[in-house]
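Colleague: Sharing a structure below in structure tokens format, with a few things to ask.
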Amino acid sequence: MAWNQPGNDGQDRDPWGSGNKGGNSGGNKGGRKRGASDLDDLFRKLSSKLGGKKGGNGDGDNKQPSQISGRLGMLALAAVVVVWAGSGFYTIKESDRGVVLRFGEYSGIVGPGLNWKPTFIDRVIPVNVETVREQATNGMMLTSDENVIRVEMNVQYRVTDPAEYLFSVTNPDNSLRQALDSAVRGVIGQSAMEQVLTTNRAFIRDVTQKELEATIAPYKMGITLLDVNFQAARPPEDVKAAFDDVIAAREEEQKTIREAHAYRNEVLPMAKGNAQKLIEEAEAYKASVVFKAEGEVASFAKMLPEYRAAPEITRERLYIDTMERVLSNTRKIIANDKSNSMLVLPLDQLMRGSDNSVAPKSSLAPKVMNPNTNSSSSYGSAPAQPSSGVRGDAVRVGRQ
């Protein structure tokens with residue numbers, strides 16, 4: 001039985017040992033009865049909701065408050081564990097990688113997607129490994145020929161090792177910018193101003209990239225260089241106009257040189273072709289003359305025995321053949337001075353006929369004047385034939 005359970009009006013188990021039955025004492029005892037009864041009812045209801053027994057002996061009633069307190073503690077602990085476990089879920093983006101720190105010490109790298117970590121034990125730092133980053137430098141720099149120019153250059157890179165990127169160097173981006181500035185100034189200091197402004201820009205860019213890679217390699221920054229861009233190189237504003245004139249003159253020189261090369265490439269093959277053509281024509285003429293001479297020699301060699309046998313007849317035949325071959329290609333007329341006919345040659349028409357091949361042959365034929373009949377006729381138009389020496393448009397009279 002509980003100490004505040006009603007029985008003998010509560011006098012036997014009064015913890016305060018008060019035996020007064022009247023006055024204010026009775027009123028206080030009645031108040032204590034009501035308060036104890038309400039508290040007892042509250043514990044009973046809570047015990048029934050938690051699955052405890054509704055009644056029992058006095059020992060069971062004494063154990064109920066401690067059991068309730070233990071169960072409430074377990075529920076609170078379970079709630080804390082659930083909240084702690086739920087707070088450990090996190091998501092890594094597709095372009096990121098998570099660097100895990102366990103009690104502040106590097107533990108590993110997690111990939112993109114949904115992951116879990118023990119809260120207050122692990123810490124995850126996301127690092128973007130796909131974005132192309134950029135660092136730039138610019139400023140006035142001194143060249144090897146002691147000129148000052150303004151150079152602008154930038155570098156593009158990507159993070160390839162998140163752990164080295166976070167822990168090898170305090171500020172890798174700033175360190176890379178300083179290394180780029182140092183590499184650019186070193187390369188520009190070894191180059192002449194004209195090379196930097198015009199001809200060796202690509203070479204300077206390549207050398208700068210190699211110098212930069214060699215500079216950052218010992219620091220293990222966890223980054224990979226993608227490209228180095230030589231953006232601009234220009235002289236100071238005070239002398240910019242003079243340099244522009246020099247550059248314009250140099251470009252005009254290069255233009256003239258290119259035009260000269262183009263003209264040479266056009267004319268030289270043609271000249272070589274003409275020269276080869278003349279050489280081949282000369283070789284052909286040489287061969288034809290040699291073969292012709294050899295043929296004539298062979299012909300005379302065959303004619304020699306006949307000449308030795310009949311010299312007069314052979315000479316006459318050679319003379320006739322030669323004159324026929326020579327006179328057949330000319331417009332000459334040989335007439336016998338003993339004939340009574342007089343030839344009138346239209347020389348002006350003959351000269352024009354040699355230039356204009358379309359002139360009618362009848363107009364170019366020589367006319368024969370007969371003094372006896374005072375009439376004229378043209379060779380080739382009159383049916384009558386002249387003396388026996390006429391052949392075609394020429395008249396030949398043999399030896400008398």
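By order in the structure tokens, chains are A, B, ...; within a chain, residues start at 1; ligands start at 1, following the order shown.
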Set the distance at 12 Å and use only C-alpha atoms: which residues neighbour Gly111 in chain A once local chain neighbours fewer than 6 positions away are removed? I'd like the list as a list in words.
Modeller: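 So the residues in contact are Tyr90, Thr91, Ile92, Lys93, Glu94, Ser95, Asp96, Arg97, Gly98, Val99, Val100, Val124, Ile125, Pro126, Val127, Asn128, Val129 and Pro162 of chain A.
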Colleague: I'd like the contact shell of range 149-154 of chain A - 12 Å cut-off, only C-alpha atoms, skipping same-chain residues fewer than 6 positions apart - returned as an MDAnalysis selection string.
Modeller: chainID A and resid 133:143 176:185 187:189 191:197 201 204:205 208:209 212 225:240 243
Colleague: Please produce a file of those selected residues containing C-alpha atoms, as a PDB file, in the first residue's frame.
Modeller:
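Below you can see part_28.pdb, which holds the result:
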ATOM      1  CA  ARG A 133      39.193  27.437 -64.435  1.00  0.00           C
ATOM      2  CA  GLU A 134      41.239  30.411 -65.514  1.00  0.00           C
ATOM      3  CA  GLN A 135      43.984  32.603 -64.110  1.00  0.00           C
ATOM      4  CA  ALA A 136      45.349  35.710 -65.862  1.00  0.00           C
ATOM      5  CA  THR A 137      48.305  38.020 -65.518  1.00  0.00           C
ATOM      6  CA  ASN A 138      49.255  41.307 -67.175  1.00  0.00           C
ATOM      7  CA  GLY A 139      51.679  44.144 -66.671  1.00  0.00           C
ATOM      8  CA  MET A 140      54.622  46.085 -68.052  1.00  0.00           C
ATOM      9  CA  MET A 141      57.583  43.801 -68.777  1.00  0.00           C
ATOM     10  CA  LEU A 142      61.171  44.382 -69.899  1.00  0.00           C
ATOM     11  CA  THR A 143      62.464  42.630 -73.029  1.00  0.00           C
ATOM     12  CA  LEU A 176      49.246  29.352 -59.892  1.00  0.00           C
ATOM     13  CA  ARG A 177      48.721  33.020 -60.765  1.00  0.00           C
ATOM     14  CA  GLN A 178      52.055  33.961 -59.189  1.00  0.00           C
ATOM     15  CA  ALA A 179      53.817  31.121 -61.017  1.00  0.00           C
ATOM     16  CA  LEU A 180      52.269  32.266 -64.309  1.00  0.00           C
ATOM     17  CA  ASP A 181      53.435  35.838 -63.753  1.00  0.00           C
ATOM     18  CA  SER A 182      56.959  34.627 -62.990  1.00  0.00           C
ATOM     19  CA  ALA A 183      57.092  32.351 -66.068  1.00  0.00           C
ATOM     20  CA  VAL A 184      55.804  35.066 -68.412  1.00  0.00           C
ATOM     21  CA  ARG A 185      58.287  37.649 -67.162  1.00  0.00           C
ATOM     22  CA  VAL A 187      60.295  34.305 -71.111  1.00  0.00           C
ATOM     23  CA  ILE A 188      59.634  37.926 -72.147  1.00  0.00           C
ATOM     24  CA  GLY A 189      62.936  38.963 -70.584  1.00  0.00           C
ATOM     25  CA  SER A 191      62.995  37.719 -76.097  1.00  0.00           C
ATOM     26  CA  ALA A 192      63.378  40.809 -78.242  1.00  0.00           C
ATOM     27  CA  MET A 193      60.533  43.275 -78.537  1.00  0.00           C
ATOM     28  CA  GLU A 194      59.999  42.661 -82.248  1.00  0.00           C
ATOM     29  CA  GLN A 195      59.701  38.910 -81.653  1.00  0.00           C
ATOM     30  CA  VAL A 196      57.148  39.418 -78.888  1.00  0.00           C
ATOM     31  CA  LEU A 197      55.018  41.783 -80.973  1.00  0.00           C
ATOM     32  CA  ARG A 201      54.134  34.803 -80.312  1.00  0.00           C
ATOM     33  CA  ILE A 204      56.667  32.371 -76.522  1.00  0.00           C
ATOM     34  CA  ARG A 205      53.321  30.810 -75.605  1.00  0.00           C
ATOM     35  CA  THR A 208      55.723  29.847 -71.167  1.00  0.00           C
ATOM     36  CA  GLN A 209      53.518  26.759 -70.775  1.00  0.00           C
ATOM     37  CA  LEU A 212      54.840  27.046 -65.856  1.00  0.00           C
ATOM     38  CA  LEU A 225      47.165  22.839 -67.315  1.00  0.00           C
ATOM     39  CA  LEU A 226      44.986  22.780 -70.424  1.00  0.00           C
ATOM     40  CA  ASP A 227      46.191  25.797 -72.406  1.00  0.00           C
ATOM     41  CA  VAL A 228      48.137  29.041 -72.149  1.00  0.00           C
ATOM     42  CA  ASN A 229      46.766  31.933 -74.212  1.00  0.00           C
ATOM     43  CA  PHE A 230      48.924  34.845 -75.338  1.00  0.00           C
ATOM     44  CA  GLN A 231      46.181  37.467 -75.459  1.00  0.00           C
ATOM     45  CA  ALA A 232      47.930  40.758 -76.207  1.00  0.00           C
ATOM     46  CA  ALA A 233      51.338  42.381 -76.417  1.00  0.00           C
ATOM     47  CA  ARG A 234      51.592  46.065 -77.183  1.00  0.00           C
ATOM     48  CA  PRO A 235      54.047  48.898 -76.587  1.00  0.00           C
ATOM     49  CA  PRO A 236      53.363  51.743 -74.151  1.00  0.00           C
ATOM     50  CA  GLU A 237      50.800  54.312 -75.248  1.00  0.00           C
ATOM     51  CA  ASP A 238      53.447  57.043 -75.644  1.00  0.00           C
ATOM     52  CA  VAL A 239      55.205  55.229 -78.500  1.00  0.00           C
ATOM     53  CA  LYS A 240      52.289  53.215 -79.858  1.00  0.00           C
ATOM     54  CA  PHE A 243      55.282  51.097 -83.494  1.00  0.00           C
TER      55      PHE A 243
END
Colleague: Please identify which residues in range 193-324 of chain A DSSP calls alpha helix (DSSP H) from the backbone, and express them as number ranges by chain.
Modeller: A: 193-194, 201-216, 240-309, 311-324
Colleague: How far is it from CA of Leu327 in chain A to CA of Leu304 in chain A, in Å with one decimal?
Modeller: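 We find that CA of Leu327 in chain A and CA of Leu304 in chain A lie 25.5 Å from each other.
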Colleague: Please measure the separation of CA of Val132 in chain A and CA of Tyr157 in chain A, giving the value in Å to one decimal.
Modeller: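 Going from CA of Val132 in chain A over to CA of Tyr157 in chain A, I get 5.7 Å.
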Colleague: Among range 141-354 of chain A, which ones does DSSP assign to strand (DSSP E) (computed from the backbone)? Answer as an NGL selection string.
Modeller: :A and (141-142 or 148-159 or 223-234 or 342-344)
Colleague: In Å, how far is it from CA of Pro118 in chain A to CA of Arg102 in chain A?
Modeller: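 Computing it gives 9.2 Å between the two atoms.
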Colleague: Pick the closest to Gln156 in chain A from A:Thr215, A:Thr224, A:Thr170, A:Gln190: which is it, counting only C-alpha atoms?
Modeller: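 Ranked by minimum distance to Gln156 in chain A, first place goes to A:Thr224.
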